[in-house]
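Working notes, beginning with the structure itself.
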Amino acid sequence: MTDYTKPARVRVAPSPTGHMHLGTARTALYDYLLARKTEGKFILRVEDTDVKRTVPGAEQEIMDGLRWLGLKYDEGPDVGGAFGPYRQTERRDIYRQHANILVDKGFAYPCFCTPERLDRMRREQQALKESLHYDGTCRRLDPDEAARRVANGEPHVIRFKMSKDGATIAHDHLRGDISIENKNIDDYVIIKSDGLPTYHLAAMVDDHLMQITHVLRGAEWLSTFPLHVNVVRAFGWDEPVWIHLSVFLKPSGKGKLSKRDAEHAMHDGYSVFIKDMEELGFTPEGVLNWMALMGWGVPEEDVMSLDEMINRFDIDGLTPSPAAINFQKLDHFNGAHIRLLPGDELAARLKPFFVKAGYSVRDDLLLQIIPLIRERLVTLDDCVAFAGFFFKEDVQPIPAELIAKGLDAKQSALVARRSYEILSALPDVNHPTAEPPMRAYVEQTGLSANQVFGILRVAITGQKVSPPLFESIQVIGKDTSLKRLKDAIKILEGL
RNA sequence: GCCCCCAUCGUCUAGGGGCCCAGGACGAAGCCCUCUCAAGGCUUAAACUGGAGUUCGAAUCUCCAUGGGGGCACCA
């Protein structure tokens, strides 16, 4: 029922306090999909108002992560835009002005309570088993006196003056009306004593000024949602469409992702941080597809490119319930997208992994092996263990693996020797030339193809599991293949 | 303790009162293909949290219970 003909302005608003994780990336994805679908704008806004928690490099990591995923933003700190600045610490005066408007209109008030007093207050409330809330000491101050104290430079914060009567009804696009009694909404601090705003003010002001039409954010904001709606209404502004996305749960489904889960994932070759994905061999396409479907259900074919997602995206189809992350599904989507990549593109993405493993990569050779390994890769880095032998001069088979099942070393050596004779007599060892005589040999010995080809596989590739044998031999070439076979015979005869 | 949100196979989900003895995907099991490993094809097991309503009829609407999640900061 959502109208997708009006350009949406959507933003992702992370705070640079740590690594960018799945939740942020998925919000960004949905933002991006909505923006592209409506031919609107996707904006990056950095919420760095908590100076103490800001970590150096985190902002860069966010920008790098979005670029790696292919979620190009139209406006942001490093690309500019008509609604900047896009870093909240650079918008300090704007927030202060808006806070003053609220104070003047009677929707906010200065508060001089010290953190120590607040602390004491909370402990008392806790002891009395009361709900924790600001007790309103400064709310009752005479406004003129308060203004005087502020003018005198007395340290203070500014609190939102929440009405204590009635109820607030806030509308979430996925959950409908959410109703909460006003007495349960605290007088939240909107300007801190350092002069910077809290999220409650900053995000509302920015969303309005930046003309955000749809606010997509995590469900952890649901509890302060009614407050936010009151702030927006106090200014007399129109509200955006609010969409609170479900949180991600740990793979077990019990509880939300923790630091421990992050470490555990890393140990298994996965990660909840975008920065790790590339190195682990995941593709942006796979990660995107995986994230998209955690919280959004599509009826049938679910392997989708970014463009297909844009086409099919529908905010009405988002789900409000929490989702446990499932890394096996990441593997699945990653493999599926690897198989979809054009050969030269896959080659380009694989090359860095071979290089990093110390191989010097011949591009023409790499291109030749792509068809042999494409559907066998789950992650890009799998290529090294699976196909590294193509770039080696010699291979080092494990002697025991050269012996075929059901045969002993002597018999295996015989098979290898005979195979050598057959192959060396051929004009070339291309697949069509080499397979028929070898098949005939298998036939003649009464052994299984498995046994004979298994010996050759280990001899020539150095591994028990490899791309198809004859295709591999063709790529490796006659000289090298025969040399490796000869080496293997030597090993077998020495056993 | 208080407030808010959520609830379909193990997991992600489709489902908008009859098209549902509930469909897809991942994962699992089996078979086919096969030189290993994959990919691919076919098949199987697997769910509407419980109880009251409303209705001719409820996975779908209402209420309660239960379970899960989030929040209760001069953090976002």
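To be explicit about the labels: the chains of the structure tokens are called A, B, and onward in the order shown, and within each one the residues are counted from 1, while ligands get numbers from 1 in the order they are shown.
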Practice task
For chain B, report every residue with an atom at most 12 Å from chain A (counting only C-alpha atoms (C1' of nucleotides)), formatted as number ranges by chain.
Solution key: B: 1-7, 10-16, 23-27, 34-40, 67-76
The selected residues should be written to file as a compact mmCIF listing (two decimals), in the first residue's frame (atoms: C-alpha atoms (C1' of nucleotides)).
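Output file selection-v3.txt follows:
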# COMPACT_ATOMS: atom_id res chain seq x y z
C1' G B 1 10.44 -3.95 39.75
C1' C B 2 8.26 -0.76 35.75
C1' C B 3 7.38 0.19 30.41
C1' C B 4 7.21 -1.37 25.34
C1' C B 5 7.51 -4.88 21.33
C1' C B 6 7.22 -9.82 19.25
C1' A B 7 5.20 -15.11 18.56
C1' G B 10 15.94 -26.36 14.16
C1' U B 11 16.70 -21.31 11.37
C1' C B 12 14.93 -17.22 7.78
C1' U B 13 10.10 -16.83 6.14
C1' A B 14 5.04 -17.12 2.71
C1' G B 15 0.28 -16.58 4.62
C1' G B 16 -4.44 -10.31 5.19
C1' G B 23 4.07 -23.05 0.68
C1' G B 24 9.44 -21.66 -0.23
C1' A B 25 14.63 -21.30 1.29
C1' C B 26 18.90 -22.85 4.51
C1' G B 27 20.21 -26.98 7.19
C1' U B 34 29.35 -38.91 -11.08
C1' C B 35 36.83 -39.79 -11.53
C1' U B 36 37.06 -36.93 -5.84
C1' C B 37 34.52 -32.65 -4.08
C1' A B 38 30.86 -29.62 -5.47
C1' A B 39 26.90 -27.96 -8.48
C1' G B 40 22.26 -29.81 -10.43
C1' G B 67 7.47 -17.77 26.19
C1' G B 68 11.07 -14.62 23.79
C1' G B 69 13.19 -9.80 22.89
C1' G B 70 14.20 -4.64 23.86
C1' G B 71 14.47 -0.54 27.16
C1' C B 72 14.34 2.06 32.02
C1' A B 73 21.94 7.00 31.17
C1' C B 74 24.49 13.98 30.62
C1' C B 75 25.16 6.02 25.11
C1' A B 76 23.56 5.71 20.60
Exercise for the section: From region 197-341 of chain A, collect each residue whose DSSP state is alpha helix (DSSP H) and return the set as a PyMOL selection string. Expected result: chain A and resi 199-209+225-235+259-267+274-277+284-292+306-312+327-340
Completion exercise
The distance between CA of Trp237 (chain A) and CA of Ala170 (chain A) is 14.2 Å
Handout entry: All residues 6 Å or closer to region 7-11 of chain A, only C-alpha atoms (C1' of nucleotides), same chain fewer than 6 positions away omitted, as a PyMOL selection string
Key = chain A and resi 31+35+38-44+212-214
Write out the residues from the selection above, keeping C-alpha atoms, as a PDB file, in the first residue's frame.
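Once everything was written out, this is result_7.pdb:
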ATOM      1  CA  ASP A  31      17.429   2.502   3.165  1.00  0.00           C
ATOM      2  CA  ALA A  35      15.830   5.284  -2.035  1.00  0.00           C
ATOM      3  CA  THR A  38      11.617   5.627  -5.422  1.00  0.00           C
ATOM      4  CA  GLU A  39      14.460   7.424  -7.171  1.00  0.00           C
ATOM      5  CA  GLY A  40      15.036   9.271  -3.937  1.00  0.00           C
ATOM      6  CA  LYS A  41      18.164   9.874  -1.891  1.00  0.00           C
ATOM      7  CA  PHE A  42      20.184   7.702   0.443  1.00  0.00           C
ATOM      8  CA  ILE A  43      22.082   9.646   3.061  1.00  0.00           C
ATOM      9  CA  LEU A  44      24.856   8.829   5.494  1.00  0.00           C
ATOM     10  CA  ILE A 212      13.896  12.514   5.853  1.00  0.00           C
ATOM     11  CA  THR A 213      10.684  10.829   4.758  1.00  0.00           C
ATOM     12  CA  HIS A 214      11.216   7.367   6.262  1.00  0.00           C
TER      13      HIS A 214
END
Exercise for the section: Just the strand (DSSP E) stuff from region 150-298 of chain A, please, per backbone DSSP, written as a PyMOL selection string. Expected result: chain A and resi 157-160+167-172+176-181+189-191+214-218+241-245+248-249
Output C-alpha atoms for every residue in that selection, as a JSON list (two decimals), in the first residue's frame.
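Written output follows (part21.json):
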[["chain", "number", "residue", "atom", "x", "y", "z"],
["A", 157, "VAL", "CA", 21.72, 20.14, 30.88],
["A", 158, "ILE", "CA", 18.43, 20.68, 29.10],
["A", 159, "ARG", "CA", 15.61, 18.26, 29.62],
["A", 160, "PHE", "CA", 12.51, 17.68, 27.59],
["A", 167, "ALA", "CA", -1.01, 9.17, 26.59],
["A", 168, "THR", "CA", 1.08, 9.29, 23.46],
["A", 169, "ILE", "CA", 0.16, 7.30, 20.42],
["A", 170, "ALA", "CA", 3.05, 6.77, 18.08],
["A", 171, "HIS", "CA", 2.61, 5.02, 14.76],
["A", 172, "ASP", "CA", 5.10, 2.45, 13.57],
["A", 176, "GLY", "CA", 0.68, 0.02, 14.00],
["A", 177, "ASP", "CA", -0.14, 2.36, 16.84],
["A", 178, "ILE", "CA", 1.95, 2.09, 19.94],
["A", 179, "SER", "CA", 0.36, 3.64, 22.96],
["A", 180, "ILE", "CA", 2.08, 4.61, 26.15],
["A", 181, "GLU", "CA", 0.99, 6.69, 29.10],
["A", 189, "VAL", "CA", 18.15, 15.04, 28.67],
["A", 190, "ILE", "CA", 18.30, 16.53, 25.18],
["A", 191, "ILE", "CA", 21.37, 18.73, 25.60],
["A", 214, "HIS", "CA", 11.22, 7.37, 6.26],
["A", 215, "VAL", "CA", 13.11, 6.61, 9.42],
["A", 216, "LEU", "CA", 14.42, 3.06, 9.44],
["A", 217, "ARG", "CA", 16.16, 2.19, 12.69],
["A", 218, "GLY", "CA", 16.64, -0.64, 15.12],
["A", 241, "VAL", "CA", 7.19, 7.21, 8.37],
["A", 242, "TRP", "CA", 8.68, 5.31, 11.31],
["A", 243, "ILE", "CA", 9.96, 1.81, 10.72],
["A", 244, "HIS", "CA", 11.56, -0.06, 13.58],
["A", 245, "LEU", "CA", 13.52, -3.01, 12.27],
["A", 248, "PHE", "CA", 19.36, -9.68, 15.31],
["A", 249, "LEU", "CA", 19.58, -12.56, 17.73]]
Exercise for the section: Write out as JSON, numbers by chain which residues come within 12 Å of His264 (chain A) when counting only C-alpha atoms (C1' of nucleotides), dropping same-chain ones fewer than 6 positions away. Expected result: {"A": [250, 251, 257, 258, 270, 271, 272, 327]}
Output N, CA and C atoms for every residue in that selection, as a PDB file, in the first residue's frame.
ATOM      1  N   LYS A 250      21.422 -13.930  18.463  1.00  0.00           N
ATOM      2  CA  LYS A 250      22.557 -14.840  18.258  1.00  0.00           C
ATOM      3  C   LYS A 250      22.054 -16.101  17.549  1.00  0.00           C
ATOM      4  N   PRO A 251      22.965 -16.832  16.891  1.00  0.00           N
ATOM      5  CA  PRO A 251      22.550 -17.995  16.090  1.00  0.00           C
ATOM      6  C   PRO A 251      21.635 -18.973  16.829  1.00  0.00           C
ATOM      7  N   LEU A 257      22.967 -10.484  19.810  1.00  0.00           N
ATOM      8  CA  LEU A 257      24.385 -10.682  19.539  1.00  0.00           C
ATOM      9  C   LEU A 257      25.277 -10.002  20.576  1.00  0.00           C
ATOM     10  N   SER A 258      26.230 -10.731  21.081  1.00  0.00           N
ATOM     11  CA  SER A 258      27.144 -10.154  22.050  1.00  0.00           C
ATOM     12  C   SER A 258      28.572 -10.197  21.520  1.00  0.00           C
ATOM     13  N   TYR A 270      33.428 -16.891  10.218  1.00  0.00           N
ATOM     14  CA  TYR A 270      32.361 -15.947   9.892  1.00  0.00           C
ATOM     15  C   TYR A 270      32.609 -14.667  10.674  1.00  0.00           C
ATOM     16  N   SER A 271      31.774 -13.684  10.441  1.00  0.00           N
ATOM     17  CA  SER A 271      31.899 -12.466  11.224  1.00  0.00           C
ATOM     18  C   SER A 271      30.594 -11.695  11.236  1.00  0.00           C
ATOM     19  N   VAL A 272      30.408 -10.917  12.278  1.00  0.00           N
ATOM     20  CA  VAL A 272      29.241 -10.036  12.327  1.00  0.00           C
ATOM     21  C   VAL A 272      29.661  -8.612  11.946  1.00  0.00           C
ATOM     22  N   PHE A 327      24.626 -18.410   9.804  1.00  0.00           N
ATOM     23  CA  PHE A 327      25.778 -18.301   8.919  1.00  0.00           C
ATOM     24  C   PHE A 327      25.781 -19.329   7.790  1.00  0.00           C
TER      25      PHE A 327
END
Exercise for the section: Write out as a list in words each polymer residue whose atoms come within 10 Å of region 60-65 of chain A, counting only C-alpha atoms (C1' of nucleotides); drop sequence neighbours fewer than 3 positions from it. Expected result: Pro14, Ser15, Pro16, Gly18, His19, Met20, His21, Thr24, Ala25, Leu44, Val46, Pro56, Gly57, Trp68, Leu69, Gly70, Leu71, Lys72, Tyr73, Gly76, Pro77, Asp78, Phe273, Ile274, Lys275, Asp276, Met277, Glu278 and Pro284 of chain A
Exercise for the section: Excluding A65 (chain B) and any residue of its chain fewer than 2 positions from it, enumerate the residues within 12 Å of it, using only C-alpha atoms (C1' of nucleotides), and give them as a ChimeraX atom specification. Expected result: /B:49-52,63,67
Practice task
May I have the residues within 9 Å of A59 (chain B) as number ranges by chain, using only C-alpha atoms (C1' of nucleotides) and disregarding those fewer than 6 positions away in the same chain?
Solution key: B: 8, 15, 20, 22, 48
Practice task
Take CA of Met204 (chain A) and CA of Gln97 (chain A) and report the distance between them in Å, one decimal.
Solution key: 13.5 Å
Exercise for the section: Identify which of the residues A:Leu29, A:Leu423, A:Val205, A:Cys138 lies closest to Val231 (chain A), counting only C-alpha atoms when measuring atom-to-atom distances. Expected result: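 Closest to Val231 (chain A) of all the choices is A:Val205.
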Practice task
For each of A:Glu345, A:Asp119, A:Glu285, A:Glu421, take the minimum atom-to-atom distance to Ile489 (chain A), counting only C-alpha atoms, then give the residue where this is smallest.
Solution key: A:Glu421
Handout entry: Gap from CA of Asp382 (chain A) to C1' of G41 (chain B) - Å, one decimal
Key = 25.5 Å
